[in-house]
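Contents: one structure, followed by commentary.
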Amino acid sequence: MTTASCAVSGDRCVFVDLGGRTLVESGDAEGVVRCALEALEKEIAAPYRAVAQRRSGETWAVGAVRIQVAELPGLEGEELVLTVTEGGGAELVVDGRPSGVGLDTLRRYGGARYDAYVLRAARLEGAAWEISVDPL
């Protein structure tokens, strides 16, 4: 968490910094993202998700958390959940519907860390997905 002094309009902005491109998810972006990126550049390395919130006048609070991003070409949908049990059974749900497309690729991401896990992914843009893996 840091603060920034930005003479820009708006009150709040949520964005993702992928290290070469920035995706604005919500809020007033004009000037806010540039100012927030400058405030965060010495605090955190991309990729990360950030929120900039006006506190008063030109003072903004800017917070960010690192995220894991994976390139997953060929996957359909916007959100997916892969559950792998200790016995090796796997269930993939894409946008609320069962699927098998991309199962092997996704298992490599989660299986590298845990035997039994839940992998959640949300499409950021194109083939770029934000993923998280939690043990069961």
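Chain labels run A, B, ... following the order of the structure tokens; each chain numbers its residues from 1, and ligands are numbered from 1 in the order shown.
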
Handout entry: Contacts of Gly77 (chain A) within 10 Å, only C-alpha atoms, excl. fewer than 3 positions in-chain, as a PyMOL selection string
Key = chain A and resi 74+80+93-97+122-123

Problem - Expected answer as a list in words: alpha helix (DSSP H) residues in region 33-83 of chain A - result: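 Here is the list: Val33, Arg34, Cys35, Ala36, Leu37, Glu38, Ala39 and Leu40 of chain A.
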
Output N, CA and C atoms for every residue in the selection just made, as a CSV table (one decimal), in the first residue's frame.
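See selection_14.csv below for the written result:
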```csv
chain,number,residue,atom,x,y,z
A,33,VAL,N,-4.4,5.5,-13.8
A,33,VAL,CA,-3.6,4.3,-13.9
A,33,VAL,C,-2.1,4.8,-14.1
A,34,ARG,N,-1.8,5.7,-14.9
A,34,ARG,CA,-0.4,6.2,-15.0
A,34,ARG,C,0.1,6.6,-13.7
A,35,CYS,N,-0.6,7.4,-12.9
A,35,CYS,CA,-0.2,7.9,-11.6
A,35,CYS,C,0.0,6.7,-10.6
A,36,ALA,N,-0.9,5.8,-10.6
A,36,ALA,CA,-0.8,4.6,-9.7
A,36,ALA,C,0.4,3.7,-10.1
A,37,LEU,N,0.6,3.5,-11.4
A,37,LEU,CA,1.8,2.7,-11.9
A,37,LEU,C,3.1,3.3,-11.4
A,38,GLU,N,3.2,4.7,-11.5
A,38,GLU,CA,4.4,5.3,-11.0
A,38,GLU,C,4.6,5.1,-9.5
A,39,ALA,N,3.5,5.2,-8.7
A,39,ALA,CA,3.6,5.1,-7.3
A,39,ALA,C,4.0,3.6,-6.9
A,40,LEU,N,3.6,2.7,-7.7
A,40,LEU,CA,3.8,1.3,-7.4
A,40,LEU,C,5.1,0.7,-7.9
```

Exercise for the section: Just list the residues in chain A DSSP gives strand (DSSP E) on the backbone, as a PyMOL selection string. Expected result: chain A and resi 2-5+12-17+22-27+48-56+59-66+68-71+79-84+90-94+97-99+117-125+128-135

Exercise for the section: Pick out the closest residue to Ser99 (chain A) from this set: A:Ala46, A:Asp115, A:Glu79, A:Pro135. Count only C-alpha atoms. Expected result: A:Glu79

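Of the residues under consideration (A:Gln53, A:Ser26, A:Leu136, A:Leu124), A:Leu136 shows the shortest atom-to-atom contact distance to Gly110 (chain A) when counting only C-alpha atoms.
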
Practice task
Find, counting only C-alpha atoms, the residue in A:Ala45, A:Ala116, A:Cys6, A:Ala50 that gets nearest to Gly31 (chain A).
Solution key: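 Smallest separation from Gly31 (chain A) among the options: A:Cys6.
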